[in-house]
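Note sheet for the following structure.
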Amino acid sequence: MPSPRRRTPAPTRPARPSDALARLWPIVLRLHSLHDEAACRQALVDDTAALFGAHRLLLVMAADGVAPTIAGSRLPAGEAASDLLRAITPWLHEAGRSHAVSLRHGPADADAVGQRSCLVAPLVAQKQLLGYLYADIEGALGRYADADRDLLAMLAAQAAVTLANAQRVQALEAKVAESTTALTERVGELEVIGSVQQAMGAAPDCQAIVDGVGDKLCELFVGSEVSIRRYDKATDLLHWPYFRNVQGRIEVAPARPAGFGAEVLRTGRTVLVTQNMAETAWLGAYPAAASGRMSGSLIELPLLIGGEVRGMIGLHNDAERAFSDTDMRLLETIAASMAVALESTRLFDETQRLLKETGQRAAELAVINSIQQGVSSSLEFQRIVDLVGDKLREVLHCQDISIRWWDEAAGLTRPLYVYEHGVRLHLAAQSPKPGGITDRILRHRETFVAGTSDEQVAMGQSAYPGTDQSQSWLAVPIVGSNRVLGRIQIEDHQQQHAFGPDEVRLLQTVAASMGVALENARLIEETKEALEQQTASAEVLEAISRSVNDAQPVLKKILESCGHLFEANSGGICLIGDDGLLHLAEWRSFTPVSQDWTQARIDAMEAEIRSVFPMPLAGTGTEIAI
């Protein structure tokens with residue numbers, strides 16, 4: 001550096017310490033009033049330069065393990081602060097080690113006017129080095145003394161405290177701002193979660209929950225594909241109750257877990273791919289893979305219930321890094337809430353199903369108990385049929401029902417119990433049409449369900465003569481002794497698809513019990529009838545044995561037995577006499593005396609009958625008015 005022209009310097013420094021302190025305290029008070037670090041730095045640079053008349057001034061900030069940086073400067077035109085920093089770095093390091101203010105004059109071989117006075121003060125607050133203040137002045141302009149060094153030490157101490165406070169305030173404000181931002185984001189997340197939970201709470205079933213969550217995610221993540229999948233562990237298949245892209249909803253066939261789905265099922269953790277999706281080995285079975293649009297980002301979240309993956313939520317976006325940590329936290333909360341809602345709805349539906357089944361079972365048991373009570377109280381065939389029909393109409397609230405019996409000997413279907421539109425009908429027996437419904441029931445014991453009249457026609461079912469064509473129709477065979485005995489049939493003339501699995505199961509249970517009861521009743525009736533015939537024959541034989549010489553008692557016993565066996569109102573026995581005419585050998589009325597059939601009327605009828613005998617075997621066809 002060239003030596004300046006030698007001259008006596010003007011007194012530019014404060015003459016007395018009291019004057020310097022008087023100038024220092026306003027600067028200190030001003031610094032303490034500032035809370036912004038940048039403002040503190042600028043004020044420190046300006047006020048220090050003015051206080052010390054510095055030709056050059058640097059404010060250097062430093063921290064442990066970080067290179068010093070220039071925070072403010074005052075330099076002559078054409079000089080660079082970085083050059084000055086490199087030149088004084090050894091002095092700064094020395095001040096950092098000693099935490100002491102230093103005063104230097106140089107060069108040493110020059111006189112006072114040709115020397116530069118340099119002050120270096122470390123900025124230390126609570127034993128922590130924050131930075132340095134450097135100030136110098138050319139000898140031609142002035143010269144720093146020990147008083148200047150001490151004054152700078154006091155200023156540096158106060159400035160360090162001010163800067164430390166400003167840094168703490170700024171750090172606190174940054175933390176508050178960060179917390180406020182996080183809180184705002186969290187409030188936004190909670191609002192979204194609340195709206196999603198509200199939608200799930202209003203959903204009546206699992207599919208409605210899936211649709212509501214899926215639509216909400218499409219609103220939140222515009223332009224993303226949204227999928228919600230359900231995992232069926234029994235079949236090892238992933239089902240897609242919801243898949244939607246920018247074009248709309250898409251139906252996706254069930255598939256075995258692969259790629260992302262298999263990874264989520266294996267780990268139970270969220271999978272996040274932010275870029276280069278096309279290069280990942282996890283693509284597997286994903287609908288978008290076929291379209292070649294797998295270069296963006298994707299997130300897959302498990303739906304966990306009891307620690308087990310029951311399904312997953314997936315979002316795919318063409319853009320890379322489309323999903324942030326905040327998005328993942330939000331989606332994980334939604335996935336957890338959705339898993340709980342789905343499980344609660346499933347359990348509720350299962351409970352309702354069990355309650356409904358319990359009600360159906362109770363109805364079945366009521367019908368069966370009624371049948372069993374009817375069997376125990378009466379063994380009459382038709383009475384059992386009527387009891388079952390009446391009970392079914394009551395339980396099923398059905399006004400259109402029929403019970404038909406298969407008369408195998410005659411080859412006819414006999415309607416034993418028929419109600420249509422709530423009115424009982426008495427229909428004639430009918431021969432089954434080959435290949436028709438009755439023929440198929442007899443051959444294969446099939447149960448038939450038709451939801452519409454067209455379905456009935458397609459399967460060969462037409463209205464029975466004398467009845468109307470119904471909208472819904474259900475027929476169940478009655479089986480007993482390993483053969484079809486008949487069928488129970490219910491209909492609905494107003495509603496299509498009126499009968500489902502519950503009605504089928506109920507009728508099948510009733511038909512099975514009814515088949516046993518009716519078969520037992522039939523066998524009992526046949527046994528009773530055979531017993532009555534044997535008894536009647538024995539009584540007749542006994543009468544013959546007692547009346548060897550008199551046929552009249554035998555004829556009376558025969559007539560009495562016939563009346564009992566055939567439930568006749570009256571009867572007679574005619575014999576051919578030696579004269580070739582037909583004589584009335586015995587006659588008897590079995591009609592009990594009542595208001596309609598008085599004894600006088602019965603006697604008159606007997607007299608009229610006897611009046612036509614004897615009669616020729618082949619006559620004019622005499623008729624008797626009874």
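We label chains A, B, ... in the order they appear in the structure tokens, count residues from 1 in each chain, and number ligands from 1 in the order shown.
Every residue of stretch 462-518 of chain A with a DSSP assignment of strand (DSSP E), taken from the backbone, is listed as Ser472, Trp473, Leu474, Ala475, Val476, Pro477, Ile478, Val479, Gly480, Arg483, Val484, Leu485, Gly486, Arg487, Ile488, Gln489, Ile490, Glu491 and Asp492 of chain A.
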- Task: Going by DSSP on the backbone, which bits of stretch 370-537 of chain A are alpha helix (DSSP H)? Write them as number ranges by chain, please.
- Result: A: 370-377, 381-396, 437-444, 453-458, 501-537
- Find the residues around stretch 582-590 of chain A up to 6 Å (only C-alpha atoms counted), leave out those fewer than 4 positions away in its own chain, and share them as a list in words. Asn569, Ser570, Gly571, Gly572, Ile573, Cys574, Leu575, Ile576, Phe613, Pro614, Met615 and Pro616 of chain A
Output the selection as a tab-separated table (two decimals), in the first residue's frame - C-alpha atoms for each residue.
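Saved result, selection05.tsv, follows:
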chain	number	residue	atom	x	y	z
A	569	ASN	CA	-127.34	-91.99	4.07
A	570	SER	CA	-129.48	-95.07	3.41
A	571	GLY	CA	-129.24	-98.47	1.81
A	572	GLY	CA	-131.10	-101.61	0.89
A	573	ILE	CA	-130.59	-105.24	-0.19
A	574	CYS	CA	-132.68	-106.63	-3.06
A	575	LEU	CA	-133.14	-110.32	-3.83
A	576	ILE	CA	-134.58	-112.05	-6.91
A	613	PHE	CA	-141.24	-103.41	-5.00
A	614	PRO	CA	-141.42	-106.05	-6.23
A	615	MET	CA	-140.30	-104.84	-9.64
A	616	PRO	CA	-139.13	-106.51	-12.78
- Task: Pick out the residues sitting within 8 Å of A:His55, and hand them over as an MDAnalysis selection string; count only C-alpha atoms, and ignore anything fewer than 2 positions along from it in its own chain.
- Result: chainID A and resid 49 53 57 74:76 135:138
- Message: I'd like to know which of A:Ala164, A:Ala339, A:Ile437, A:Ala458 is closest to A:Gln128, using only C-alpha atoms.
- Response: A:Ala164
Can you pull out the residues contacting stretch 362-370 of chain A? Cut-off 10 Å, using only C-alpha atoms, and skip same-chain residues under 6 positions away; I want them as an mmCIF file with N, CA and C atoms, in the first residue's frame.
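So the final result, stored in selection.cif, reads:
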data_model
loop_
_atom_site.group_PDB
_atom_site.id
_atom_site.type_symbol
_atom_site.label_atom_id
_atom_site.label_comp_id
_atom_site.auth_asym_id
_atom_site.auth_seq_id
_atom_site.Cartn_x
_atom_site.Cartn_y
_atom_site.Cartn_z
ATOM 1 N N LYS A 356 -82.803 -61.546 10.995
ATOM 2 C CA LYS A 356 -83.803 -61.909 9.985
ATOM 3 C C LYS A 356 -83.900 -63.422 9.852
ATOM 4 N N SER A 376 -100.918 -84.402 15.902
ATOM 5 C CA SER A 376 -101.181 -85.054 17.181
ATOM 6 C C SER A 376 -102.654 -84.971 17.581
ATOM 7 N N ILE A 384 -105.057 -81.872 7.863
ATOM 8 C CA ILE A 384 -103.641 -81.495 7.881
ATOM 9 C C ILE A 384 -103.335 -80.543 6.735
ATOM 10 N N LEU A 387 -104.722 -77.137 7.568
ATOM 11 C CA LEU A 387 -103.957 -76.503 8.629
ATOM 12 C C LEU A 387 -102.661 -75.899 8.084
ATOM 13 N N VAL A 388 -101.944 -76.645 7.247
ATOM 14 C CA VAL A 388 -100.704 -76.142 6.664
ATOM 15 C C VAL A 388 -100.976 -74.944 5.769
ATOM 16 N N GLY A 389 -101.977 -75.033 4.918
ATOM 17 C CA GLY A 389 -102.305 -73.928 4.025
ATOM 18 C C GLY A 389 -102.665 -72.672 4.788
ATOM 19 N N ASP A 390 -103.517 -72.795 5.820
ATOM 20 C CA ASP A 390 -103.913 -71.616 6.606
ATOM 21 C C ASP A 390 -102.703 -70.991 7.300
ATOM 22 N N LYS A 391 -101.824 -71.833 7.829
ATOM 23 C CA LYS A 391 -100.645 -71.308 8.536
ATOM 24 C C LYS A 391 -99.695 -70.600 7.581
ATOM 25 N N LEU A 392 -99.503 -71.140 6.398
ATOM 26 C CA LEU A 392 -98.630 -70.494 5.419
ATOM 27 C C LEU A 392 -99.201 -69.157 4.969
ATOM 28 N N GLU A 394 -100.943 -67.214 6.730
ATOM 29 C CA GLU A 394 -100.761 -66.297 7.859
ATOM 30 C C GLU A 394 -99.308 -65.824 7.964
ATOM 31 N N VAL A 395 -98.349 -66.749 7.880
ATOM 32 C CA VAL A 395 -96.938 -66.407 8.071
ATOM 33 C C VAL A 395 -96.391 -65.598 6.900
ATOM 34 N N LEU A 396 -96.734 -66.008 5.674
ATOM 35 C CA LEU A 396 -96.201 -65.350 4.488
ATOM 36 C C LEU A 396 -97.033 -64.160 4.028
ATOM 37 N N GLU A 503 -88.152 -67.393 1.372
ATOM 38 C CA GLU A 503 -89.418 -68.075 1.115
ATOM 39 C C GLU A 503 -89.194 -69.499 0.608
ATOM 40 N N ARG A 505 -86.615 -71.467 1.318
ATOM 41 C CA ARG A 505 -86.200 -72.313 2.445
ATOM 42 C C ARG A 505 -87.381 -72.654 3.352
ATOM 43 N N LEU A 506 -88.237 -71.651 3.622
ATOM 44 C CA LEU A 506 -89.389 -71.894 4.487
ATOM 45 C C LEU A 506 -90.308 -72.949 3.881
ATOM 46 N N LEU A 507 -90.637 -72.805 2.590
ATOM 47 C CA LEU A 507 -91.538 -73.761 1.950
ATOM 48 C C LEU A 507 -90.926 -75.145 1.870
ATOM 49 N N GLN A 508 -89.601 -75.209 1.625
ATOM 50 C CA GLN A 508 -88.957 -76.519 1.564
ATOM 51 C C GLN A 508 -88.991 -77.218 2.919
ATOM 52 N N THR A 509 -88.785 -76.436 3.996
ATOM 53 C CA THR A 509 -88.844 -77.024 5.341
ATOM 54 C C THR A 509 -90.253 -77.510 5.652
ATOM 55 N N VAL A 510 -91.233 -76.664 5.336
ATOM 56 C CA VAL A 510 -92.626 -77.031 5.587
ATOM 57 C C VAL A 510 -93.022 -78.247 4.744
ATOM 58 N N ALA A 511 -92.608 -78.264 3.472
ATOM 59 C CA ALA A 511 -92.962 -79.371 2.589
ATOM 60 C C ALA A 511 -92.375 -80.681 3.088
ATOM 61 N N ALA A 512 -91.140 -80.628 3.616
ATOM 62 C CA ALA A 512 -90.528 -81.859 4.129
ATOM 63 C C ALA A 512 -91.310 -82.410 5.317
ATOM 64 N N SER A 513 -91.668 -81.505 6.247
ATOM 65 C CA SER A 513 -92.445 -81.959 7.408
ATOM 66 C C SER A 513 -93.843 -82.397 6.997
ATOM 67 N N MET A 514 -94.403 -81.670 6.062
ATOM 68 C CA MET A 514 -95.754 -81.985 5.614
ATOM 69 C C MET A 514 -95.788 -83.344 4.907
#
- Rank A:Asp205, A:Asp148, A:Glu491, A:Glu173 by their smallest atom-to-atom distance to A:Cys118, using only C-alpha atoms, and report the top residue only. A:Asp148
- Item | All residues 7 Å or closer to stretch 520-524 of chain A, only C-alpha atoms, same chain fewer than 2 positions away omitted, as an MDAnalysis selection string | chainID A and resid 379:381 516:518 526:528
- Query: Near A:Gln430, within 7 Å and counting only C-alpha atoms, which residues show up once chain neighbours fewer than 3 positions away are dropped, as a VMD selection string?
  - Reply: chain A and resid 412 to 414
Any chance you can output those residues with N, CA and C atoms as a PDB file, in the first residue's frame?
ATOM      1  N   LEU A 412    -103.554 -88.293 -11.789  1.00  0.00           N
ATOM      2  CA  LEU A 412    -104.139 -86.953 -11.753  1.00  0.00           C
ATOM      3  C   LEU A 412    -103.518 -86.107 -10.644  1.00  0.00           C
ATOM      4  N   THR A 413    -103.466 -84.811 -10.882  1.00  0.00           N
ATOM      5  CA  THR A 413    -103.103 -83.838  -9.841  1.00  0.00           C
ATOM      6  C   THR A 413    -104.385 -83.298  -9.246  1.00  0.00           C
ATOM      7  N   ARG A 414    -104.556 -83.448  -7.922  1.00  0.00           N
ATOM      8  CA  ARG A 414    -105.798 -83.037  -7.272  1.00  0.00           C
ATOM      9  C   ARG A 414    -105.526 -81.802  -6.396  1.00  0.00           C
TER      10      ARG A 414
END
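From atom CA of A:Leu355 back to atom CA of A:His239, the distance works out to 27.6 Å.
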